[in-house]
Structure formats: structure tokens, C-alpha cells
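Colleague: Handing over final_28.cif, mmCIF, C-alpha atoms (C1' of nucleotides).
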```
data_target
loop_
_atom_site.label_atom_id
_atom_site.label_comp_id
_atom_site.auth_asym_id
_atom_site.auth_seq_id
_atom_site.Cartn_x
_atom_site.Cartn_y
_atom_site.Cartn_z
CA MET G 1 -28.94 -16.55 -102.36
CA LYS G 2 -28.21 -16.81 -98.66
CA ASP G 3 -31.60 -16.00 -97.12
CA PRO G 4 -34.67 -17.22 -99.03
CA ALA G 5 -37.07 -15.43 -96.67
CA LYS G 6 -35.41 -12.10 -97.33
CA HIS G 7 -35.33 -12.88 -101.03
CA LEU G 8 -39.08 -13.47 -101.01
CA ARG G 9 -39.83 -10.30 -99.04
CA GLU G 10 -37.69 -8.22 -101.39
CA HIS G 11 -39.91 -9.34 -104.24
CA GLY G 12 -43.10 -8.52 -102.39
CA VAL G 13 -43.98 -12.11 -101.66
CA ALA G 14 -45.29 -13.08 -98.25
CA VAL G 15 -43.07 -15.57 -96.47
CA THR G 16 -44.32 -19.06 -95.68
CA ALA G 17 -42.57 -22.34 -94.99
CA GLN G 18 -43.89 -23.76 -98.26
CA ARG G 19 -42.58 -20.88 -100.34
CA ILE G 20 -39.14 -21.03 -98.79
CA ALA G 21 -38.97 -24.76 -99.34
CA VAL G 22 -40.13 -24.53 -102.95
CA LEU G 23 -37.66 -21.77 -103.70
CA ARG G 24 -34.83 -23.81 -102.21
CA ALA G 25 -35.94 -26.95 -104.03
CA VAL G 26 -35.89 -25.16 -107.38
CA GLY G 27 -32.46 -23.79 -106.56
CA ARG G 28 -31.10 -27.17 -105.57
CA SER G 29 -32.38 -29.09 -108.59
CA PRO G 30 -32.84 -26.87 -111.60
CA HIS G 31 -35.12 -27.97 -114.49
CA GLY G 32 -37.32 -29.92 -112.12
CA THR G 33 -41.02 -30.47 -112.73
CA ALA G 34 -43.80 -29.45 -110.33
CA ASP G 35 -43.87 -33.05 -109.22
CA SER G 36 -40.17 -33.35 -108.55
CA VAL G 37 -40.24 -30.02 -106.72
CA ALA G 38 -43.06 -31.35 -104.55
CA ALA G 39 -41.04 -34.45 -103.74
CA GLU G 40 -37.99 -32.34 -102.93
CA VAL G 41 -40.06 -30.08 -100.68
CA ARG G 42 -41.59 -33.03 -98.84
CA ARG G 43 -38.12 -34.29 -98.15
CA GLU G 44 -37.39 -30.96 -96.47
CA ILE G 45 -40.59 -29.98 -94.65
CA GLY G 46 -42.52 -33.24 -94.58
CA THR G 47 -45.68 -32.35 -96.44
CA ILE G 48 -47.16 -29.97 -98.98
CA SER G 49 -50.25 -30.16 -101.15
CA ARG G 50 -50.02 -30.42 -104.89
CA GLN G 51 -52.07 -27.26 -105.25
CA ALA G 52 -49.72 -25.31 -103.02
CA VAL G 53 -46.78 -26.34 -105.17
CA TYR G 54 -48.57 -25.08 -108.28
CA ASN G 55 -49.60 -21.88 -106.52
CA VAL G 56 -46.14 -21.14 -105.21
CA LEU G 57 -44.45 -21.90 -108.53
CA ALA G 58 -46.94 -19.58 -110.24
CA VAL G 59 -46.35 -16.76 -107.77
CA LEU G 60 -42.59 -17.11 -107.87
CA SER G 61 -42.41 -17.09 -111.64
CA GLU G 62 -44.86 -14.20 -111.81
CA LYS G 63 -42.67 -12.18 -109.44
CA GLY G 64 -39.54 -13.08 -111.34
CA LEU G 65 -37.85 -15.25 -108.74
CA ILE G 66 -37.94 -18.31 -110.92
CA ARG G 67 -38.51 -19.09 -114.56
CA ARG G 68 -40.92 -21.60 -116.06
CA ILE G 69 -39.88 -23.61 -119.12
CA GLN G 70 -42.43 -25.67 -121.00
CA PRO G 71 -40.81 -27.85 -123.63
CA ALA G 72 -42.97 -29.81 -126.05
CA GLY G 73 -43.90 -33.22 -124.76
CA SER G 74 -42.83 -32.50 -121.20
CA PRO G 75 -44.51 -31.04 -118.15
CA ALA G 76 -43.42 -27.54 -117.15
CA ARG G 77 -39.95 -27.22 -115.65
CA PHE G 78 -38.55 -24.57 -113.33
CA GLU G 79 -35.20 -22.96 -112.63
CA ASP G 80 -33.99 -20.10 -110.47
CA ARG G 81 -31.50 -18.78 -112.97
CA VAL G 82 -33.25 -15.60 -114.02
CA GLY G 83 -32.15 -12.25 -115.38
CA ASP G 84 -29.46 -13.58 -117.68
CA ASN G 85 -31.15 -14.59 -120.87
CA HIS G 86 -29.86 -18.05 -121.45
CA HIS G 87 -31.54 -20.75 -123.48
CA HIS G 88 -32.02 -24.49 -123.27
CA LEU G 89 -30.79 -27.53 -125.07
CA ILE G 90 -32.86 -30.69 -124.73
CA CYS G 91 -32.02 -34.28 -125.63
CA ARG G 92 -34.82 -35.85 -127.65
CA VAL G 93 -33.88 -39.30 -126.38
CA CYS G 94 -33.56 -38.96 -122.62
CA GLY G 95 -35.09 -35.53 -122.04
CA LYS G 96 -31.98 -34.15 -120.38
CA MET G 97 -31.95 -30.36 -120.40
CA VAL G 98 -28.85 -28.16 -120.21
CA ASP G 99 -28.38 -24.41 -120.13
CA VAL G 100 -26.90 -22.57 -123.08
CA ASP G 101 -25.61 -19.03 -122.80
CA SER G 102 -26.96 -17.15 -125.77
CA ALA G 103 -24.01 -16.42 -128.02
CA VAL G 104 -25.60 -13.49 -129.79
CA GLY G 105 -27.81 -11.09 -127.87
CA ASP G 106 -31.49 -11.44 -128.44
CA ALA G 107 -32.17 -7.77 -128.98
CA PRO G 108 -31.53 -7.87 -132.75
CA ARG G 109 -33.81 -10.86 -133.12
CA LEU G 110 -36.61 -9.15 -131.27
CA THR G 111 -36.50 -6.12 -133.52
CA ALA G 112 -35.95 -8.21 -136.63
CA ALA G 113 -39.14 -10.12 -136.02
CA ASN G 114 -41.15 -7.06 -135.35
CA ASP G 115 -42.80 -6.28 -138.68
CA SER G 116 -46.05 -7.70 -137.42
CA GLY G 117 -47.03 -4.87 -135.08
CA PHE G 118 -46.63 -7.11 -132.06
CA GLU G 119 -45.10 -5.80 -128.86
CA ILE G 120 -42.53 -8.55 -128.34
CA ASP G 121 -41.31 -9.10 -124.80
CA GLU G 122 -39.50 -12.41 -125.01
CA ALA G 123 -37.65 -14.58 -127.48
CA GLU G 124 -37.72 -18.16 -126.31
CA VAL G 125 -35.15 -20.44 -127.87
CA ILE G 126 -35.00 -24.18 -127.42
CA TYR G 127 -32.38 -26.31 -129.12
CA TRP G 128 -33.30 -29.92 -129.77
CA GLY G 129 -30.80 -32.70 -130.31
CA THR G 130 -29.12 -35.75 -128.88
CA CYS G 131 -26.91 -35.65 -125.82
CA PRO G 132 -23.47 -37.28 -125.87
CA SER G 133 -24.45 -40.32 -123.80
CA CYS G 134 -27.54 -41.06 -125.87
CA PHE G 135 -25.52 -40.55 -129.02
CA ASP G 136 -22.89 -43.05 -127.90
CA ALA G 137 -25.40 -45.61 -126.64
CA PRO G 138 -28.47 -45.34 -128.86
CA SER G 139 -30.00 -48.51 -127.42
CA LYS G 140 -30.16 -47.58 -123.75
CA PRO G 141 -32.80 -44.86 -123.29
CA ALA G 142 -30.67 -43.44 -120.44
CA SER G 143 -32.56 -42.62 -117.22
CA LYS G 144 -35.67 -40.99 -118.72
CA ASP G 145 -37.14 -37.86 -117.17
CA ARG G 146 -34.02 -36.74 -115.43
CA ASP G 147 -33.40 -33.07 -115.00
CA ASN G 148 -29.71 -32.85 -114.35
CA ALA G 149 -28.32 -29.47 -115.24
CA MET S 2 -49.87 -28.67 -153.53
CA LYS S 3 -52.46 -29.66 -156.12
CA ASP S 4 -52.94 -33.38 -155.42
CA PRO S 5 -52.84 -34.41 -151.76
CA ALA S 6 -53.00 -38.14 -152.63
CA LYS S 7 -49.89 -37.87 -154.75
CA HIS S 8 -48.23 -35.77 -152.10
CA LEU S 9 -48.88 -38.50 -149.54
CA ARG S 10 -47.63 -41.30 -151.80
CA GLU S 11 -44.45 -39.38 -152.58
CA HIS S 12 -43.68 -39.34 -148.89
CA GLY S 13 -44.32 -43.04 -148.49
CA VAL S 14 -47.64 -42.60 -146.74
CA ALA S 15 -50.57 -44.84 -147.67
CA VAL S 16 -53.54 -42.89 -148.99
CA THR S 17 -56.80 -42.83 -147.10
CA ALA S 18 -59.72 -40.43 -147.12
CA GLN S 19 -58.90 -39.36 -143.55
CA ARG S 20 -55.28 -38.56 -144.37
CA ILE S 21 -56.20 -36.52 -147.41
CA ALA S 22 -58.78 -34.59 -145.44
CA VAL S 23 -56.43 -33.93 -142.52
CA LEU S 24 -53.69 -32.76 -144.85
CA ARG S 25 -56.08 -30.40 -146.58
CA ALA S 26 -57.49 -29.15 -143.29
CA VAL S 27 -54.02 -28.28 -142.01
CA GLY S 28 -53.30 -26.52 -145.29
CA ARG S 29 -56.53 -24.53 -145.16
CA SER S 30 -56.24 -23.35 -141.57
CA PRO S 31 -52.64 -23.22 -140.38
CA HIS S 32 -51.83 -23.22 -136.66
CA GLY S 33 -54.92 -25.27 -135.89
CA THR S 34 -55.12 -27.70 -132.98
CA ALA S 35 -55.91 -31.41 -133.28
CA ASP S 36 -59.45 -30.51 -132.27
CA SER S 37 -59.94 -27.79 -134.83
CA VAL S 38 -58.45 -30.03 -137.50
CA ALA S 39 -60.94 -32.74 -136.54
CA ALA S 40 -63.81 -30.25 -136.84
CA GLU S 41 -62.52 -29.08 -140.22
CA VAL S 42 -62.21 -32.67 -141.43
CA ARG S 43 -65.73 -33.52 -140.28
CA ARG S 44 -67.01 -30.59 -142.28
CA GLU S 45 -65.37 -32.14 -145.33
CA ILE S 46 -65.85 -35.89 -145.01
CA GLY S 47 -68.55 -36.11 -142.36
CA THR S 48 -66.86 -38.09 -139.64
CA ILE S 49 -63.48 -39.06 -138.23
CA SER S 50 -62.40 -40.45 -134.87
CA ARG S 51 -60.30 -38.44 -132.51
CA GLN S 52 -57.70 -41.16 -132.50
CA ALA S 53 -57.42 -41.14 -136.28
CA VAL S 54 -56.77 -37.40 -136.21
CA TYR S 55 -53.95 -37.89 -133.71
CA ASN S 56 -52.55 -40.82 -135.69
CA VAL S 57 -52.63 -38.99 -138.98
CA LEU S 58 -51.11 -35.83 -137.54
CA ALA S 59 -48.34 -37.94 -136.00
CA VAL S 60 -47.62 -39.76 -139.26
CA LEU S 61 -47.68 -36.61 -141.35
CA SER S 62 -45.33 -34.72 -139.06
CA GLU S 63 -43.05 -37.74 -138.80
CA LYS S 64 -42.84 -37.94 -142.59
CA GLY S 65 -42.23 -34.23 -142.88
CA LEU S 66 -45.47 -33.23 -144.57
CA ILE S 67 -46.54 -31.03 -141.71
CA ARG S 68 -44.94 -29.45 -138.67
CA ARG S 69 -46.07 -29.66 -135.06
CA ILE S 70 -45.73 -26.61 -132.82
CA GLN S 71 -46.32 -26.90 -129.09
CA PRO S 72 -46.34 -23.51 -127.38
CA ALA S 73 -46.45 -23.30 -123.60
CA GLY S 74 -49.98 -23.29 -122.25
CA SER S 75 -51.58 -24.36 -125.51
CA PRO S 76 -52.38 -27.69 -127.12
CA ALA S 77 -50.19 -28.71 -130.06
CA ARG S 78 -50.73 -26.81 -133.30
CA PHE S 79 -50.01 -27.84 -136.87
CA GLU S 80 -49.04 -26.19 -140.13
CA ASP S 81 -48.06 -27.40 -143.57
CA ARG S 82 -45.39 -24.78 -144.13
CA VAL S 83 -42.30 -26.96 -143.86
CA GLY S 84 -38.80 -26.77 -145.24
CA ASP S 85 -38.36 -23.05 -144.81
CA ASN S 86 -37.24 -22.47 -141.27
CA HIS S 87 -39.59 -19.79 -140.08
CA HIS S 88 -40.52 -19.08 -136.48
CA HIS S 89 -43.62 -18.07 -134.57
CA LEU S 90 -44.88 -15.06 -132.73
CA ILE S 91 -47.64 -15.59 -130.20
CA CYS S 92 -49.88 -13.09 -128.45
CA ARG S 93 -49.98 -13.74 -124.71
CA VAL S 94 -53.45 -12.21 -124.47
CA CYS S 95 -55.49 -13.86 -127.23
CA GLY S 96 -53.17 -16.68 -128.27
CA LYS S 97 -53.00 -15.56 -131.89
CA MET S 98 -50.00 -17.03 -133.69
CA VAL S 99 -48.29 -15.54 -136.72
CA ASP S 100 -45.36 -16.69 -138.84
CA VAL S 101 -42.05 -14.87 -138.72
CA ASP S 102 -39.39 -15.39 -141.33
CA SER S 103 -36.12 -15.79 -139.49
CA ALA S 104 -34.11 -12.68 -140.17
CA VAL S 105 -30.75 -14.20 -139.39
CA GLY S 106 -30.00 -17.78 -140.41
CA ASP S 107 -30.07 -20.30 -137.63
CA ALA S 108 -26.84 -22.03 -138.58
CA PRO S 109 -24.60 -19.72 -136.51
CA ARG S 110 -26.83 -20.16 -133.50
CA LEU S 111 -26.69 -23.93 -133.76
CA THR S 112 -22.91 -24.00 -133.81
CA ALA S 113 -22.63 -21.29 -131.17
CA ALA S 114 -24.64 -23.37 -128.75
CA ASN S 115 -22.72 -26.50 -129.41
CA ASP S 116 -20.11 -26.55 -126.65
CA SER S 117 -22.11 -29.14 -124.81
CA GLY S 118 -21.35 -32.13 -127.00
CA PHE S 119 -24.98 -32.37 -128.11
CA GLU S 120 -25.84 -33.20 -131.70
CA ILE S 121 -28.25 -30.34 -132.33
CA ASP S 122 -30.82 -30.83 -135.08
CA GLU S 123 -33.26 -27.98 -134.52
CA ALA S 124 -33.40 -24.51 -133.06
CA GLU S 125 -36.95 -23.68 -132.09
CA VAL S 126 -37.71 -20.01 -131.61
CA ILE S 127 -40.93 -18.62 -130.24
CA TYR S 128 -41.48 -14.90 -129.77
CA TRP S 129 -43.95 -13.89 -127.09
CA GLY S 130 -45.72 -10.57 -126.96
CA THR S 131 -48.96 -8.70 -127.45
CA CYS S 132 -50.69 -8.41 -130.80
CA PRO S 133 -51.85 -5.02 -132.09
CA SER S 134 -55.55 -5.53 -131.38
CA CYS S 135 -54.96 -6.73 -127.83
CA PHE S 136 -52.55 -3.88 -127.29
CA ASP S 137 -55.13 -1.31 -128.40
CA ALA S 138 -58.00 -2.88 -126.48
CA PRO S 139 -56.52 -4.37 -123.32
CA SER S 140 -59.96 -5.00 -121.82
CA LYS S 141 -61.48 -7.21 -124.53
CA PRO S 142 -59.72 -10.56 -124.47
CA ALA S 143 -60.26 -10.79 -128.26
CA SER S 144 -61.68 -14.11 -129.46
CA LYS S 145 -59.59 -16.51 -127.42
CA ASP S 146 -58.12 -19.63 -128.97
CA ARG S 147 -58.24 -18.44 -132.53
CA ASP S 148 -55.58 -19.61 -134.87
CA ASN S 149 -55.68 -17.10 -137.67
CA ALA S 150 -52.42 -17.01 -139.55
"C1'" DT U 8 -52.50 -9.54 -79.47
"C1'" DC U 9 -56.22 -9.33 -82.80
"C1'" DA U 10 -58.54 -8.84 -86.96
"C1'" DA U 11 -58.27 -8.87 -91.89
"C1'" DT U 12 -56.15 -10.57 -95.48
"C1'" DT U 13 -53.57 -13.96 -97.73
"C1'" DA U 14 -52.09 -18.70 -98.20
"C1'" DC U 15 -52.75 -23.81 -97.87
"C1'" DT U 16 -55.41 -28.27 -98.04
"C1'" DT U 17 -58.56 -31.40 -100.01
"C1'" DG U 18 -60.98 -33.44 -103.50
"C1'" DA U 19 -63.50 -33.09 -107.63
"C1'" DC U 20 -62.94 -31.76 -112.29
"C1'" DT U 21 -61.07 -30.57 -117.13
"C1'" DC U 22 -58.42 -31.01 -121.05
"C1'" DA U 23 -55.14 -33.00 -124.22
"C1'" DG U 24 -53.42 -36.93 -125.38
"C1'" DT U 25 -52.55 -42.30 -125.20
"C1'" DC U 26 -53.76 -47.38 -125.14
"C1'" DT U 27 -56.16 -51.33 -126.65
"C1'" DA U 28 -59.08 -54.46 -129.12
"C1'" DG U 29 -61.74 -55.20 -132.83
"C1'" DA U 30 -63.76 -53.59 -137.45
"C1'" DA U 31 -62.77 -51.67 -141.90
"C1'" DG U 32 -59.92 -50.34 -145.64
"C1'" DT U 33 -55.64 -50.51 -148.73
"C1'" DA U 34 -52.56 -52.45 -151.92
"C1'" DG U 35 -49.64 -55.94 -153.85
"C1'" DA U 36 -49.88 -60.80 -155.69
"C1'" DT U 37 -52.45 -63.98 -158.10
"C1'" DA E 28 -61.03 -58.63 -160.79
"C1'" DT E 29 -60.25 -61.11 -156.47
"C1'" DC E 30 -57.89 -62.62 -152.49
"C1'" DT E 31 -55.07 -62.04 -148.62
"C1'" DA E 32 -51.85 -59.90 -145.52
"C1'" DC E 33 -51.11 -55.82 -143.65
"C1'" DT E 34 -52.20 -51.23 -142.30
"C1'" DT E 35 -55.42 -47.94 -140.72
"C1'" DC E 36 -59.69 -46.44 -138.40
"C1'" DT E 37 -63.20 -46.58 -134.65
"C1'" DA E 38 -64.84 -46.57 -129.98
"C1'" DG E 39 -64.29 -46.04 -125.49
"C1'" DA E 40 -61.66 -46.51 -121.34
"C1'" DC E 41 -57.68 -44.53 -119.25
"C1'" DT E 42 -53.61 -41.33 -117.80
"C1'" DG E 43 -51.07 -37.18 -116.47
"C1'" DA E 44 -50.70 -32.45 -115.81
"C1'" DG E 45 -52.91 -28.87 -114.32
"C1'" DT E 46 -57.18 -26.00 -112.57
"C1'" DC E 47 -61.32 -24.79 -109.64
"C1'" DA E 48 -63.74 -24.06 -105.52
"C1'" DA E 49 -64.82 -24.26 -100.64
"C1'" DG E 50 -63.22 -24.46 -96.19
"C1'" DT E 51 -59.27 -24.21 -92.82
"C1'" DA E 52 -54.86 -22.30 -91.31
"C1'" DA E 53 -51.19 -19.02 -91.25
"C1'" DT E 54 -49.17 -14.29 -91.82
"C1'" DT E 55 -48.89 -9.52 -91.18
"C1'" DG E 56 -49.85 -4.83 -90.02
"C1'" DA E 57 -52.40 -2.07 -86.63
#
```
As a first step, turn the structure in this file into C-alpha cells.

Modeller:
Amino acid sequence: MKDPAKHLREHGVAVTAQRIAVLRAVGRSPHGTADSVAAEVRREIGTISRQAVYNVLAVLSEKGLIRRIQPAGSPARFEDRVGDNHHHLICRVCGKMVDVDSAVGDAPRLTAANDSGFEIDEAEVIYWGTCPSCFDAPSKPASKDRDNA
Amino acid sequence: MKDPAKHLREHGVAVTAQRIAVLRAVGRSPHGTADSVAAEVRREIGTISRQAVYNVLAVLSEKGLIRRIQPAGSPARFEDRVGDNHHHLICRVCGKMVDVDSAVGDAPRLTAANDSGFEIDEAEVIYWGTCPSCFDAPSKPASKDRDNA
DNA sequence: TCAATTACTTGACTCAGTCTAGAAGTAGAT
DNA sequence: ATCTACTTCTAGACTGAGTCAAGTAATTGA
């Protein structure tokens, strides 16, 4: 993604400094929260309102430039890896989230579930478990709230 | 589940009027929120504090008597169908949630995902889509926040 | 360049859930 | 059956994440 401005325009999104900065922030640190994105953006362009961050994240995910993930017990998280349907694996202890490429395609699951008359458009899969470092050191809660990919 | 008191004791949970009522409320109306459970309980035993509802729901789900589901954009929901690993299908329009028996076992998915070194203990699947009534009548937002099974 | 539309800022507000201290209830031992 | 230690419940203040609304600033197409 060389040119964020162009990327925005191609998706029919008006270009502003805030939007470019948010898009870049999400790209730089995937699985970040609205708050961490705001902090990242402020580091780049100095200042942005909380509301603007929420607005921009909403627009970008609506237009398909980013994806919103909302795991139980955590604020919403965002990533710019879209279009490939991968899933997420989250450590119950430290909250670390990693990407998982879906081994089996989701298509069969979508049809399989469809006896209910619903028009299904997404199958969201989240794996819960314990990451290697938390498993090895159960005492240390390991830098809570980190979003390292 | 004839006798809730016995059911509680068998899981090592002390028996109180509030716990019995909460357990029954979750059984009667699956996919209810903490709030709707509280309302249901008040209908049965007259009064209960908000905190007690949260405490009881936490204890019961910890002890495996009920299951907590936390879909994006919705408060936590609870059901007493545990032990069979079924999934959920949620309407984006009206929020209606229905159970889906998992067509394919989850075991292969758990191992497939496990290149990351995580100890995976649960694969949570949520299907998102549009329910038949919302699909037929896109204008009416159809009784929002209902939790009919 | 200008006007119209769209986006951003600020601050109050909501909603779901948590914390704490004290009152009430439960259950095992006597 | 009663006592006592422990657990649970109540009440109300508090927090965190996100939304709403009104006014100001920026973008874009003519």
C-alpha cells in the first residue's frame, strides 16, 4: 500500500490528513484499539479528536479498507488485512491476538449452517487459548493489552 | 433439569434464591442479556440487585452451568445449553440470535489453527447475516433487541 | 476561487459492567 | 436447634468504550 491517499480515493473516501494517518496507524500496528490508533495518529500528526478516530475507523471498515474485530471482554480492534478470510487466535491470559489462516474454506460452513432461512454473509471464527509465553510463565500476566501481531 | 437447587449443588455452587431464579430465567429465555435476566428474575422472586445478577451469571458460567456469548455490538448474552458445541447465527438488522448445530466437528479446526504454539481450548463461531423477516421487510427494523431462540 | 457539501472538534451523555463497604443469608460444627 | 465463620447480596458510586449533537473547519467539484 504505497499511497494511502490514492487508496482512500479508490474506495470513494474523501482524503483528509486524519484519514491517511488512521489508515497508516492501523497498517503499522495491526489489532490496535481505537485508543491505541489515536495515540499512534497523534504521534504522526500531532492531534486528533476521539470522535474523529471513531468516525474514520467506522468509514474505513464500512468501505472495506480495514476490518473491525470485537472479541469478548476487549474493546474493538482493527486491522488492514482484508479480503483474505483469516481468523484470530487470542490468549485468554495476556490478550495477545494473532492471525490464523483458515485451513478449510468457510464456504461449506456457511451453507451448512443455513437451514434457518438466514442470508449468511460472514462466518466469524475466534480461537481462544493460552499463548506460549503465558503457558510457560503462568504467574507473570505478560504485558496486558498488547496487540502484537 | 428438574431441580435447579440440586443442579447447583452438584456443581459445587451454594444454593440461594437468587441463583435458582437466575438459572431458571436463563433456561426459560435463552440468549437473554444480564438486564433481561434481571427482569425475568424480578418477575419470579420480586427483587434482585444488578450486582447479584452479574455475580450469579459469572459464577454459573465459570462452573459450567451456563454459557456466556458476547457478540460484537451487543451486551453479553447467556444460555443454559452447554456441553454440545453449537454455534450462533445473528441477524445484523434486528439482532435475533438462533442456535446452529455445528455441521463439521471443531476438532480439525482446532488442530489446523495450531501452528502458533497456542494451547487452544475453544473455537468460537458466529455467523452473521439477515434473518428471513428482516430480509422480506427491509424497512421495518423488526422488534430490536429481542432474544427469541 | 467559491460555494456546497463533507469532515472534524468539543463536550455532554449513555450503556454495560465493575468496585467497595456493609447487611443478610448459608451451611457445617456443636 | 443454635451458633459462628464464611459466603453472598444490596446499594450506590465509579469506569471505560462508545455515541450524539451543535458548531467550526476542510475538501472538492463547478

Colleague: Take CA of Ile46 (chain S) and C1' of DG39 (chain E) and report the distance between them in Å, one decimal.

Modeller: 22.1 Å

Colleague: CA of Val42 (chain S) and CA of Ala22 (chain S), how far apart in Å?

Modeller: 5.6 Å

Colleague: For chain E versus chain G, which residues have an atom no more than 12 Å away, and what is each residue's nearest atom pair and distance in Å rounded to one decimal, using all atoms listed in the file, chain-then-number order, as a tab-separated table?

Modeller:
```
residue	atom	partner	partner_atom	distance
E:DG43	C1'	G:Pro75	CA	9.1
E:DA44	C1'	G:Pro75	CA	6.8
E:DG45	C1'	G:Tyr54	CA	8.3
E:DT46	C1'	G:Gln51	CA	9.0
E:DC47	C1'	G:Gln51	CA	10.5
E:DA52	C1'	G:Thr16	CA	11.9
E:DA53	C1'	G:Thr16	CA	8.2
E:DT54	C1'	G:Ala14	CA	7.6
E:DT55	C1'	G:Ala14	CA	8.7
```

Colleague: Quick one: which residues end up in the PyMOL selection byres ((chain S) within 10 of (chain G)) for this structure, as an NGL selection string?

Modeller: :S and (69-74 or 76-77 or 88-93 or 99-105 or 109-136)

Colleague: Suppose a student applies the PyMOL selection byres ((chain U) within 10 of (chain G)) to this structure; what residues should they get, written as a list in words?

Modeller: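 For this structure, the PyMOL selection byres ((chain U) within 10 of (chain G)) captures DT13, DA14, DC15, DT16 and DT17 of chain U.
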
Colleague: Which residue out of G:Ile66, G:Ala137, G:Ala58, G:Met97 has the minimum interatomic distance to Val26 (chain G) when all atoms listed in the file are used?

Modeller: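 When distances to Val26 (chain G) are compared using all atoms listed in the file, the smallest one comes from G:Ile66.
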
Colleague: If I take C1' of DC26 (chain U) and C1' of DA38 (chain E), how far is one from the other in Å, to one decimal?

Modeller: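 These atoms are spaced 12.1 Å apart.
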